[in-house]
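For reference, coords-v1.pdb is printed below; it contains PDB, C-alpha atoms (C1' of nucleotides).
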ATOM      1  CA  MET A   1     -82.973  48.916   7.139
ATOM      2  CA  ARG A   2     -80.492  51.093   8.994
ATOM      3  CA  ILE A   3     -76.841  51.098   7.908
ATOM      4  CA  ALA A   4     -74.219  52.806  10.051
ATOM      5  CA  THR A   5     -70.545  53.643   9.748
ATOM      6  CA  PHE A   6     -68.274  54.244  12.711
ATOM      7  CA  ASN A   7     -64.539  54.873  12.862
ATOM      8  CA  ILE A   8     -63.999  53.388  16.301
ATOM      9  CA  ASN A   9     -60.251  54.132  16.596
ATOM     10  CA  GLY A  10     -59.210  50.780  18.054
ATOM     11  CA  ILE A  11     -61.797  48.026  18.457
ATOM     12  CA  ARG A  12     -60.158  46.528  21.554
ATOM     13  CA  ALA A  13     -59.711  49.812  23.392
ATOM     14  CA  ARG A  14     -63.249  50.783  22.350
ATOM     15  CA  LEU A  15     -65.011  47.458  22.874
ATOM     16  CA  PRO A  16     -67.296  48.637  25.730
ATOM     17  CA  ARG A  17     -68.297  51.661  23.609
ATOM     18  CA  LEU A  18     -68.916  49.484  20.563
ATOM     19  CA  VAL A  19     -71.091  46.957  22.409
ATOM     20  CA  GLU A  20     -72.961  49.799  24.110
ATOM     21  CA  TRP A  21     -73.635  51.509  20.785
ATOM     22  CA  LEU A  22     -74.779  48.275  19.103
ATOM     23  CA  THR A  23     -77.054  47.428  22.015
ATOM     24  CA  GLU A  24     -78.540  50.913  22.296
ATOM     25  CA  THR A  25     -79.071  51.674  18.601
ATOM     26  CA  GLN A  26     -79.338  48.207  16.982
ATOM     27  CA  PRO A  27     -78.169  49.115  13.471
ATOM     28  CA  ASP A  28     -78.908  46.402  10.905
ATOM     29  CA  VAL A  29     -75.442  46.878   9.424
ATOM     30  CA  ALA A  30     -72.387  48.519  10.988
ATOM     31  CA  CYS A  31     -69.287  49.379   8.982
ATOM     32  CA  LEU A  32     -66.255  49.864  11.223
ATOM     33  CA  GLN A  33     -62.914  51.498  10.484
ATOM     34  CA  GLU A  34     -59.587  51.709  12.277
ATOM     35  CA  ILE A  35     -60.094  48.468  14.165
ATOM     36  CA  LYS A  36     -56.292  48.534  14.682
ATOM     37  CA  THR A  37     -55.922  44.815  15.252
ATOM     38  CA  GLN A  38     -54.687  41.758  13.452
ATOM     39  CA  ASP A  39     -57.342  39.333  12.304
ATOM     40  CA  ASP A  40     -56.846  37.004  15.287
ATOM     41  CA  GLY A  41     -57.321  39.863  17.760
ATOM     42  CA  PHE A  42     -60.805  40.740  16.487
ATOM     43  CA  PRO A  43     -63.316  40.413  19.373
ATOM     44  CA  ILE A  44     -65.832  38.305  17.465
ATOM     45  CA  LYS A  45     -67.131  36.627  20.617
ATOM     46  CA  ASP A  46     -68.219  39.913  22.208
ATOM     47  CA  ILE A  47     -69.782  41.034  18.935
ATOM     48  CA  GLU A  48     -71.704  37.775  18.582
ATOM     49  CA  GLU A  49     -72.916  38.133  22.169
ATOM     50  CA  ALA A  50     -74.286  41.536  21.169
ATOM     51  CA  GLY A  51     -76.291  39.798  18.430
ATOM     52  CA  TYR A  52     -74.094  40.461  15.402
ATOM     53  CA  GLY A  53     -72.188  38.479  12.825
ATOM     54  CA  ALA A  54     -69.095  40.020  11.266
ATOM     55  CA  ILE A  55     -66.379  39.877   8.642
ATOM     56  CA  TRP A  56     -63.164  41.837   9.055
ATOM     57  CA  HIS A  57     -59.895  42.751   7.364
ATOM     58  CA  GLY A  58     -57.330  43.481  10.034
ATOM     59  CA  GLN A  59     -53.733  44.634  10.187
ATOM     60  CA  LYS A  60     -51.168  44.912  12.966
ATOM     61  CA  GLY A  61     -51.339  48.228  14.756
ATOM     62  CA  PHE A  62     -53.142  50.406  12.233
ATOM     63  CA  ASN A  63     -56.026  50.603   9.797
ATOM     64  CA  GLY A  64     -58.412  47.654   9.565
ATOM     65  CA  VAL A  65     -62.079  47.507   8.544
ATOM     66  CA  ALA A  66     -65.092  45.344   9.366
ATOM     67  CA  ILE A  67     -68.752  44.844   8.477
ATOM     68  CA  LEU A  68     -71.243  43.722  11.136
ATOM     69  CA  ALA A  69     -74.801  42.557  10.499
ATOM     70  CA  ARG A  70     -77.518  42.081  13.108
ATOM     71  CA  GLY A  71     -78.510  38.428  13.326
ATOM     72  CA  ALA A  72     -76.505  37.471  10.244
ATOM     73  CA  THR A  73     -73.003  37.107   8.888
ATOM     74  CA  PRO A  74     -72.304  39.433   5.943
ATOM     75  CA  ALA A  75     -71.603  37.539   2.713
ATOM     76  CA  GLU A  76     -68.159  38.741   1.718
ATOM     77  CA  VAL A  77     -67.746  39.884  -1.892
ATOM     78  CA  THR A  78     -64.152  41.161  -1.851
ATOM     79  CA  ARG A  79     -61.448  42.716   0.295
ATOM     80  CA  GLY A  80     -58.779  45.210  -0.754
ATOM     81  CA  LEU A  81     -58.827  47.271  -3.950
ATOM     82  CA  GLU A  82     -57.283  46.339  -7.278
ATOM     83  CA  GLY A  83     -54.607  48.358  -9.016
ATOM     84  CA  GLU A  84     -51.703  48.337  -6.551
ATOM     85  CA  PRO A  85     -50.677  44.768  -5.640
ATOM     86  CA  GLU A  86     -47.921  45.940  -3.275
ATOM     87  CA  ASP A  87     -50.448  47.841  -1.141
ATOM     88  CA  GLU A  88     -50.844  45.881   2.091
ATOM     89  CA  HIS A  89     -53.006  48.357   4.018
ATOM     90  CA  SER A  90     -56.317  46.922   5.204
ATOM     91  CA  ARG A  91     -58.716  49.633   4.138
ATOM     92  CA  TYR A  92     -61.535  48.033   2.154
ATOM     93  CA  ILE A  93     -63.985  45.201   2.647
ATOM     94  CA  GLU A  94     -67.209  44.573   0.755
ATOM     95  CA  ALA A  95     -70.175  42.324   1.416
ATOM     96  CA  GLU A  96     -73.802  41.626   0.616
ATOM     97  CA  VAL A  97     -76.324  42.003   3.444
ATOM     98  CA  ASN A  98     -80.028  41.447   2.913
ATOM     99  CA  GLY A  99     -79.837  42.322  -0.775
ATOM    100  CA  VAL A 100     -77.751  45.479  -0.278
ATOM    101  CA  ARG A 101     -74.114  45.763  -1.285
ATOM    102  CA  ILE A 102     -72.096  47.249   1.550
ATOM    103  CA  ALA A 103     -68.514  48.542   1.536
ATOM    104  CA  SER A 104     -66.574  49.568   4.639
ATOM    105  CA  ILE A 105     -63.933  52.085   3.614
ATOM    106  CA  TYR A 106     -60.981  53.591   5.436
ATOM    107  CA  LEU A 107     -59.492  56.049   2.993
ATOM    108  CA  PRO A 108     -55.891  57.171   3.608
ATOM    109  CA  ASN A 109     -55.434  60.377   5.576
ATOM    110  CA  GLY A 110     -52.776  61.719   3.206
ATOM    111  CA  ASN A 111     -50.888  64.111   5.464
ATOM    112  CA  PRO A 112     -48.423  65.687   5.135
ATOM    113  CA  VAL A 113     -49.028  67.561   1.899
ATOM    114  CA  PRO A 114     -47.200  67.311  -0.418
ATOM    115  CA  GLY A 115     -45.574  63.926  -0.062
ATOM    116  CA  PRO A 116     -45.815  60.193  -0.732
ATOM    117  CA  LYS A 117     -48.702  59.721   1.708
ATOM    118  CA  PHE A 118     -50.760  62.304  -0.121
ATOM    119  CA  ASP A 119     -49.893  60.720  -3.483
ATOM    120  CA  TYR A 120     -51.008  57.352  -2.072
ATOM    121  CA  LYS A 121     -54.301  58.900  -0.932
ATOM    122  CA  ILE A 122     -55.068  60.269  -4.389
ATOM    123  CA  ARG A 123     -54.143  56.988  -6.085
ATOM    124  CA  TRP A 124     -56.300  55.100  -3.571
ATOM    125  CA  MET A 125     -59.241  57.359  -4.380
ATOM    126  CA  ALA A 126     -58.874  56.530  -8.078
ATOM    127  CA  ARG A 127     -58.837  52.823  -7.210
ATOM    128  CA  LEU A 128     -61.957  53.244  -5.067
ATOM    129  CA  ARG A 129     -63.728  55.084  -7.875
ATOM    130  CA  ALA A 130     -62.871  52.231 -10.238
ATOM    131  CA  ARG A 131     -64.339  49.667  -7.821
ATOM    132  CA  ALA A 132     -67.411  51.847  -7.372
ATOM    133  CA  ALA A 133     -67.897  51.847 -11.146
ATOM    134  CA  GLN A 134     -67.856  48.040 -11.162
ATOM    135  CA  ILE A 135     -70.506  47.952  -8.432
ATOM    136  CA  TRP A 136     -72.511  50.584 -10.309
ATOM    137  CA  ALA A 137     -72.526  48.367 -13.382
ATOM    138  CA  GLU A 138     -74.147  45.599 -11.336
ATOM    139  CA  GLU A 139     -77.134  47.923 -10.748
ATOM    140  CA  VAL A 140     -77.531  46.739  -7.151
ATOM    141  CA  PRO A 141     -78.548  48.856  -4.180
ATOM    142  CA  ALA A 142     -75.179  49.801  -2.729
ATOM    143  CA  VAL A 143     -73.901  51.793   0.243
ATOM    144  CA  LEU A 144     -70.214  52.746   0.229
ATOM    145  CA  ALA A 145     -69.702  53.759   3.831
ATOM    146  CA  GLY A 146     -66.724  54.842   5.837
ATOM    147  CA  ASP A 147     -64.091  57.333   6.808
ATOM    148  CA  TYR A 148     -63.272  59.043   3.504
ATOM    149  CA  ASN A 149     -60.847  61.500   5.095
ATOM    150  CA  VAL A 150     -62.234  64.193   2.801
ATOM    151  CA  ILE A 151     -64.013  67.410   3.830
ATOM    152  CA  PRO A 152     -66.079  67.860   0.662
ATOM    153  CA  PHE A 153     -67.134  71.506   1.015
ATOM    154  CA  ASP A 154     -66.229  74.505   3.175
ATOM    155  CA  ARG A 155     -69.637  74.136   4.869
ATOM    156  CA  ASP A 156     -68.421  70.749   6.168
ATOM    157  CA  VAL A 157     -65.809  72.214   8.537
ATOM    158  CA  TRP A 158     -66.125  74.495  11.544
ATOM    159  CA  LYS A 159     -63.511  76.896  10.109
ATOM    160  CA  PRO A 160     -62.158  76.265   6.616
ATOM    161  CA  GLU A 161     -59.020  78.350   7.157
ATOM    162  CA  ALA A 162     -57.998  76.100  10.035
ATOM    163  CA  MET A 163     -57.810  73.081   7.727
ATOM    164  CA  ALA A 164     -56.756  74.792   4.499
ATOM    165  CA  SER A 165     -53.343  73.145   4.296
ATOM    166  CA  ASP A 166     -54.596  69.723   5.407
ATOM    167  CA  ALA A 167     -54.839  66.724   3.077
ATOM    168  CA  LEU A 168     -58.539  66.362   3.948
ATOM    169  CA  MET A 169     -59.348  69.648   2.232
ATOM    170  CA  GLN A 170     -56.900  69.807  -0.682
ATOM    171  CA  PRO A 171     -58.433  70.528  -4.107
ATOM    172  CA  GLU A 172     -57.176  67.151  -5.392
ATOM    173  CA  SER A 173     -58.899  65.329  -2.509
ATOM    174  CA  ARG A 174     -62.129  67.194  -3.096
ATOM    175  CA  THR A 175     -61.967  66.719  -6.855
ATOM    176  CA  ALA A 176     -61.533  62.967  -6.438
ATOM    177  CA  TYR A 177     -64.478  62.782  -4.032
ATOM    178  CA  LYS A 178     -66.696  64.930  -6.236
ATOM    179  CA  ALA A 179     -65.832  62.738  -9.214
ATOM    180  CA  MET A 180     -67.760  59.962  -7.485
ATOM    181  CA  LEU A 181     -70.700  62.302  -6.912
ATOM    182  CA  ALA A 182     -70.523  63.253 -10.593
ATOM    183  CA  ASP A 183     -70.620  59.539 -11.417
ATOM    184  CA  GLY A 184     -74.043  59.527  -9.760
ATOM    185  CA  TRP A 185     -73.342  58.438  -6.171
ATOM    186  CA  THR A 186     -75.457  60.257  -3.583
ATOM    187  CA  ASP A 187     -73.801  61.648  -0.443
ATOM    188  CA  ALA A 188     -76.608  60.605   1.923
ATOM    189  CA  LEU A 189     -75.813  62.877   4.868
ATOM    190  CA  ALA A 190     -75.288  65.918   2.624
ATOM    191  CA  SER A 191     -78.528  65.238   0.779
ATOM    192  CA  ARG A 192     -80.464  65.325   4.055
ATOM    193  CA  HIS A 193     -78.535  68.308   5.483
ATOM    194  CA  PRO A 194     -77.819  70.516   2.461
ATOM    195  CA  ASN A 195     -76.847  73.583   4.485
ATOM    196  CA  GLY A 196     -73.869  71.824   6.058
ATOM    197  CA  GLY A 197     -72.726  72.424   9.621
ATOM    198  CA  VAL A 198     -72.947  68.696  10.409
ATOM    199  CA  TRP A 199     -69.793  67.137  11.843
ATOM    200  CA  THR A 200     -68.718  63.511  12.232
ATOM    201  CA  TYR A 201     -65.255  64.082  13.731
ATOM    202  CA  TRP A 202     -63.874  66.191  16.580
ATOM    203  CA  ASP A 203     -60.158  66.207  17.356
ATOM    204  CA  TYR A 204     -59.060  64.947  20.784
ATOM    205  CA  GLN A 205     -56.812  68.004  21.009
ATOM    206  CA  MET A 206     -57.478  71.703  21.195
ATOM    207  CA  ASN A 207     -60.684  71.374  23.172
ATOM    208  CA  ALA A 208     -62.363  70.613  19.850
ATOM    209  CA  TRP A 209     -65.346  68.649  21.193
ATOM    210  CA  PRO A 210     -66.489  71.188  23.842
ATOM    211  CA  ARG A 211     -66.076  73.973  21.273
ATOM    212  CA  ASP A 212     -67.902  71.888  18.613
ATOM    213  CA  ALA A 213     -64.925  72.479  16.318
ATOM    214  CA  GLY A 214     -65.479  69.487  14.060
ATOM    215  CA  PHE A 215     -65.806  68.497  10.465
ATOM    216  CA  ARG A 216     -67.539  65.975   8.227
ATOM    217  CA  ILE A 217     -65.376  63.195   6.819
ATOM    218  CA  ASP A 218     -67.454  60.038   7.395
ATOM    219  CA  HIS A 219     -69.693  59.530   4.401
ATOM    220  CA  LEU A 220     -72.235  57.069   3.018
ATOM    221  CA  LEU A 221     -72.451  57.097  -0.777
ATOM    222  CA  LEU A 222     -75.600  55.544  -2.211
ATOM    223  CA  SER A 223     -76.181  53.973  -5.610
ATOM    224  CA  PRO A 224     -79.401  55.063  -7.361
ATOM    225  CA  ALA A 225     -81.289  51.961  -6.193
ATOM    226  CA  ALA A 226     -80.269  52.752  -2.591
ATOM    227  CA  ALA A 227     -80.809  56.513  -2.886
ATOM    228  CA  ASP A 228     -84.388  55.860  -4.036
ATOM    229  CA  ARG A 229     -84.973  54.158  -0.689
ATOM    230  CA  LEU A 230     -83.284  56.816   1.512
ATOM    231  CA  VAL A 231     -85.598  58.140   4.232
ATOM    232  CA  ASP A 232     -83.137  59.560   6.780
ATOM    233  CA  ALA A 233     -79.458  60.154   7.530
ATOM    234  CA  GLN A 234     -78.045  61.332  10.846
ATOM    235  CA  VAL A 235     -75.007  61.544  13.084
ATOM    236  CA  ASP A 236     -75.290  59.912  16.522
ATOM    237  CA  LYS A 237     -73.354  62.758  18.065
ATOM    238  CA  ILE A 238     -73.875  61.727  21.705
ATOM    239  CA  TYR A 239     -71.375  58.879  21.371
ATOM    240  CA  ARG A 240     -68.568  61.383  20.876
ATOM    241  CA  GLY A 241     -69.259  62.650  24.388
ATOM    242  CA  ARG A 242     -69.048  59.287  26.169
ATOM    243  CA  GLU A 243     -66.160  58.127  28.366
ATOM    244  CA  LYS A 244     -63.200  56.887  26.328
ATOM    245  CA  ALA A 245     -64.982  57.888  23.117
ATOM    246  CA  SER A 246     -63.643  57.568  19.594
ATOM    247  CA  ASP A 247     -62.816  60.890  17.955
ATOM    248  CA  HIS A 248     -65.484  60.040  15.354
ATOM    249  CA  ALA A 249     -69.230  59.704  15.896
ATOM    250  CA  PRO A 250     -71.382  57.027  14.212
ATOM    251  CA  VAL A 251     -73.259  58.092  11.072
ATOM    252  CA  TRP A 252     -76.210  56.193   9.627
ATOM    253  CA  VAL A 253     -78.785  56.010   6.856
ATOM    254  CA  ARG A 254     -82.226  54.486   6.928
ATOM    255  CA  LEU A 255     -83.449  52.813   3.743
ATOM    256  CA  LYS A 256     -87.043  51.818   3.097
ATOM    257  CA  ASP A 257     -87.510  48.029   3.106
TER     258      ASP A 257
ATOM    259  C1'  DA B   1     -51.773  79.333  16.315
ATOM    260  C1'  DT B   2     -57.724  75.671  17.219
ATOM    261  C1'  DG B   3     -52.581  74.519  20.664
ATOM    262  C1'  DA B   4     -50.660  69.653  23.304
ATOM    263  C1'  DC B   5     -54.696  63.821  22.809
ATOM    264  C1'  DC B   6     -55.344  59.115  21.480
ATOM    265  C1'  DG B   7     -54.212  53.699  20.558
ATOM    266  C1'  DG B   8     -50.817  50.357  19.506
ATOM    267  C1'  DC B   9     -46.578  48.430  20.219
ATOM    268  C1'  DA B  10     -43.587  47.573  23.466
ATOM    269  C1'  DG B  11     -42.068  47.544  27.649
ATOM    270  C1'  DA B  12     -39.882  54.029  26.432
ATOM    271  C1'  DG B  13     -41.021  56.944  23.620
ATOM    272  C1'  DC B  14     -42.519  57.024  18.778
ATOM    273  C1'  DC B  15     -45.575  56.419  14.892
ATOM    274  C1'  DG B  16     -49.792  57.454  12.803
ATOM    275  C1'  DG B  17     -53.868  59.692  13.134
ATOM    276  C1'  DA B  18     -56.641  64.200  11.241
TER     277       DA B  18
END

What does the file become when written as structure tokens?
Amino acid sequence: MRIATFNINGIRARLPRLVEWLTETQPDVACLQEIKTQDDGFPIKDIEEAGYGAIWHGQKGFNGVAILARGATPAEVTRGLEGEPEDEHSRYIEAEVNGVRIASIYLPNGNPVPGPKFDYKIRWMARLRARAAQIWAEEVPAVLAGDYNVIPFDRDVWKPEAMASDALMQPESRTAYKAMLADGWTDALASRHPNGGVWTYWDYQMNAWPRDAGFRIDHLLLSPAAADRLVDAQVDKIYRGREKASDHAPVWVRLKD
DNA sequence: ATGACCGGCAGAGCCGGA
């Protein structure tokens, strides 16, 4: 079973890229972030024609997450995170697919630092950790996949000094992420590439892609029952080089059946 | 300075992204 996550940066603008990627790589599950559309603008017809069922949590203009499953419709468990009822951002959706719990996560960026957006990011991370603990208690195989907007270690960025003042690399952001690792969640990509130097994002600006000036912010966290089944984790880097590409590349894990 | 791009919304430039 192969589970992928892909921040597509606008599902309508990126639809040809999305269908191409689904057709070429055939992931069993695809978690999408930044669909940037209201629920009624979600291109379900095109996705179904590509052989996938889907659930989605949209929002006008920004954010928005979805879970796709090949030949099936994901069984939704919940959407949104508890703890902040006034929060209307669409950043979390969770489902069951073929016996595996799947979450598609779009964690707040948090810039500028300091400020209310950064405070919201840190609060959101605490809310995510609380939800993760509930899933943990269910003792199910679980994959919490998405754009975490956190560069966990200096080895996860092309040049740490360049991002030092950014929300993605602040000690509080890293501490909150590492708290989940300390809880027992396995960072799948890091576990397969322990020396770092693996990027999932390259800025559109500053010639970042040709210079390979990227960083790693798209993560798949595995519960113990999922980590036991992990056989591979990779970045499909070539999709960052396609015409009208997202600024993120797809990342995936393969679990033993 | 790494150094000037994207998508969405709206119907021009801004906002948000990271």

*Hey, what comes out of the PyMOL selection byres ((chain A) within 8 of (chain B)) on this file? Could you write it as number ranges by chain?*
A: 9-10, 13, 36, 61-62, 109, 149, 162, 168, 203-208, 213

*Non-local contacts of A:Val157 (12 Å; only C-alpha atoms (C1' of nucleotides); under 2 positions in same chain excluded) as an NGL selection string*: :A and (150-155 or 159-164 or 166 or 168-169 or 195-202 or 208 or 212-217)

*Measuring atom to atom with all atoms listed in the file, identify which of A:Leu18, A:Ala225, A:Ala190, A:Ala4 is nearest to A:Ala137.*
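Of all the options, A:Ala225 lies closest to A:Ala137.
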
*Straight-line distance linking atom CA of A:Val143 with atom CA of A:Glu20, stated in Å to one decimal*: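 Atom CA of A:Val143 sits 24.0 Å away from atom CA of A:Glu20.
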
*Distance in Å - atom CA of A:Asn7 versus atom CA of A:Asp218*: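 Computed distance, atom CA of A:Asn7 to atom CA of A:Asp218, equals 8.1 Å.
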
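For stretch 127-132 of chain A, the list of residues within 9 Å, based on only C-alpha atoms (C1' of nucleotides) and with local chain neighbours fewer than 6 positions off taken out, reads Leu81, Glu82, Gly83, Glu84, Tyr92, Ile105, Leu107, Leu144, Ala176, Tyr177, Ala179, Met180, Asp183 and Trp185 of chain A.
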
*Can you list what the PyMOL selection byres ((chain A and resi 236) around 12) grabs from this structure, as a VMD selection string?*
chain A and resid 4 to 6 21 to 22 24 to 25 27 198 to 201 233 to 235 237 to 242 248 to 253

*asked:* Using all atoms listed in the file for the distances, tell me which of A:Ala72, A:Ile55, A:Val140, A:Ala133 is nearest to A:Ala95.
replied: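 The answer is A:Ile55, which sits nearest to A:Ala95.
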
*Kindly give the distance, in Å, that separates atom CA of A:Pro108 and atom CA of A:Ala167, rounded to a single decimal.*
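Between these atoms lies a distance of 9.6 Å.
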
*asked:* Can you tell me which residues surround A:Glu48 at a distance of at most 10 Å, considering only C-alpha atoms (C1' of nucleotides), apart from same-chain residues fewer than 6 positions away, and format the answer as a PyMOL selection string?
replied: chain A and resi 19+54+68-73

_Under the rule that only C-alpha atoms are counted, which of A:Ser246, A:Gln59, A:Ser191, A:Ser165 is the nearest residue to A:Asp232?_
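The shortest atom-to-atom distance to A:Asp232 comes from A:Ser191.
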
Name all residues at most 10 Å from A:Leu181 (count all atoms listed in the file; drop same-chain ones fewer than 5 positions away) and give them as a PDB file with C-alpha atoms, in the coordinates of the input.
ATOM      1  CA  THR A 175     -61.967  66.719  -6.855  1.00  0.00           C
ATOM      2  CA  ALA A 176     -61.533  62.967  -6.438  1.00  0.00           C
ATOM      3  CA  THR A 186     -75.457  60.257  -3.583  1.00  0.00           C
ATOM      4  CA  ASP A 187     -73.801  61.648  -0.443  1.00  0.00           C
ATOM      5  CA  LEU A 221     -72.451  57.097  -0.777  1.00  0.00           C
ATOM      6  CA  LEU A 222     -75.600  55.544  -2.211  1.00  0.00           C
TER       7      LEU A 222
END

Will you model all heavy atoms for stretch 228-236 of chain A and pass it back as a short mmCIF file (atom, residue, chain, number, x, y, z; two decimals), keeping the file's coordinate frame?
data_model
loop_
_atom_site.label_atom_id
_atom_site.label_comp_id
_atom_site.auth_asym_id
_atom_site.auth_seq_id
_atom_site.Cartn_x
_atom_site.Cartn_y
_atom_site.Cartn_z
N ASP A 228 -82.93 55.85 -3.88
CA ASP A 228 -84.39 55.86 -4.04
C ASP A 228 -85.09 55.44 -2.75
O ASP A 228 -86.25 55.77 -2.53
CB ASP A 228 -84.81 54.91 -5.16
CG ASP A 228 -84.50 55.45 -6.54
OD1 ASP A 228 -84.19 56.66 -6.64
OD2 ASP A 228 -84.54 54.66 -7.51
N ARG A 229 -84.38 54.69 -1.92
CA ARG A 229 -84.97 54.16 -0.69
C ARG A 229 -84.59 54.97 0.55
O ARG A 229 -84.99 54.63 1.66
CB ARG A 229 -84.53 52.69 -0.50
CG ARG A 229 -85.10 51.75 -1.56
CD ARG A 229 -84.41 50.40 -1.59
NE ARG A 229 -84.36 49.74 -0.30
CZ ARG A 229 -83.75 48.57 -0.07
NH1 ARG A 229 -83.13 47.95 -1.08
NH2 ARG A 229 -83.76 48.03 1.12
N LEU A 230 -83.79 56.04 0.37
CA LEU A 230 -83.28 56.82 1.51
C LEU A 230 -84.42 57.60 2.18
O LEU A 230 -85.14 58.35 1.53
CB LEU A 230 -82.20 57.80 1.04
CG LEU A 230 -81.62 58.74 2.11
CD1 LEU A 230 -80.86 57.96 3.17
CD2 LEU A 230 -80.73 59.79 1.45
N VAL A 231 -84.58 57.39 3.49
CA VAL A 231 -85.60 58.14 4.23
C VAL A 231 -84.99 59.02 5.33
O VAL A 231 -85.61 59.98 5.76
CB VAL A 231 -86.69 57.22 4.85
CG1 VAL A 231 -87.55 56.65 3.75
CG2 VAL A 231 -86.08 56.12 5.68
N ASP A 232 -83.75 58.70 5.76
CA ASP A 232 -83.14 59.56 6.78
C ASP A 232 -81.63 59.29 6.83
O ASP A 232 -81.18 58.19 6.46
CB ASP A 232 -83.77 59.28 8.16
CG ASP A 232 -83.58 60.45 9.13
OD1 ASP A 232 -83.00 61.48 8.74
OD2 ASP A 232 -84.02 60.31 10.28
N ALA A 233 -80.90 60.29 7.30
CA ALA A 233 -79.46 60.15 7.53
C ALA A 233 -79.08 61.08 8.67
O ALA A 233 -79.46 62.26 8.65
CB ALA A 233 -78.67 60.51 6.27
N GLN A 234 -78.36 60.54 9.65
CA GLN A 234 -78.04 61.33 10.85
C GLN A 234 -76.68 60.95 11.41
O GLN A 234 -76.13 59.90 11.09
CB GLN A 234 -79.10 61.07 11.95
CG GLN A 234 -80.51 61.47 11.61
CD GLN A 234 -80.73 62.98 11.51
OE1 GLN A 234 -79.89 63.76 11.94
NE2 GLN A 234 -81.86 63.38 10.95
N VAL A 235 -76.20 61.82 12.28
CA VAL A 235 -75.01 61.54 13.08
C VAL A 235 -75.46 61.29 14.51
O VAL A 235 -76.22 62.09 15.07
CB VAL A 235 -74.03 62.74 13.05
CG1 VAL A 235 -72.78 62.44 13.88
CG2 VAL A 235 -73.66 63.12 11.62
N ASP A 236 -75.00 60.18 15.10
CA ASP A 236 -75.29 59.91 16.52
C ASP A 236 -74.22 60.59 17.38
O ASP A 236 -73.32 59.96 17.93
CB ASP A 236 -75.32 58.40 16.79
CG ASP A 236 -76.64 57.77 16.38
OD1 ASP A 236 -77.63 58.50 16.18
OD2 ASP A 236 -76.67 56.53 16.26
#
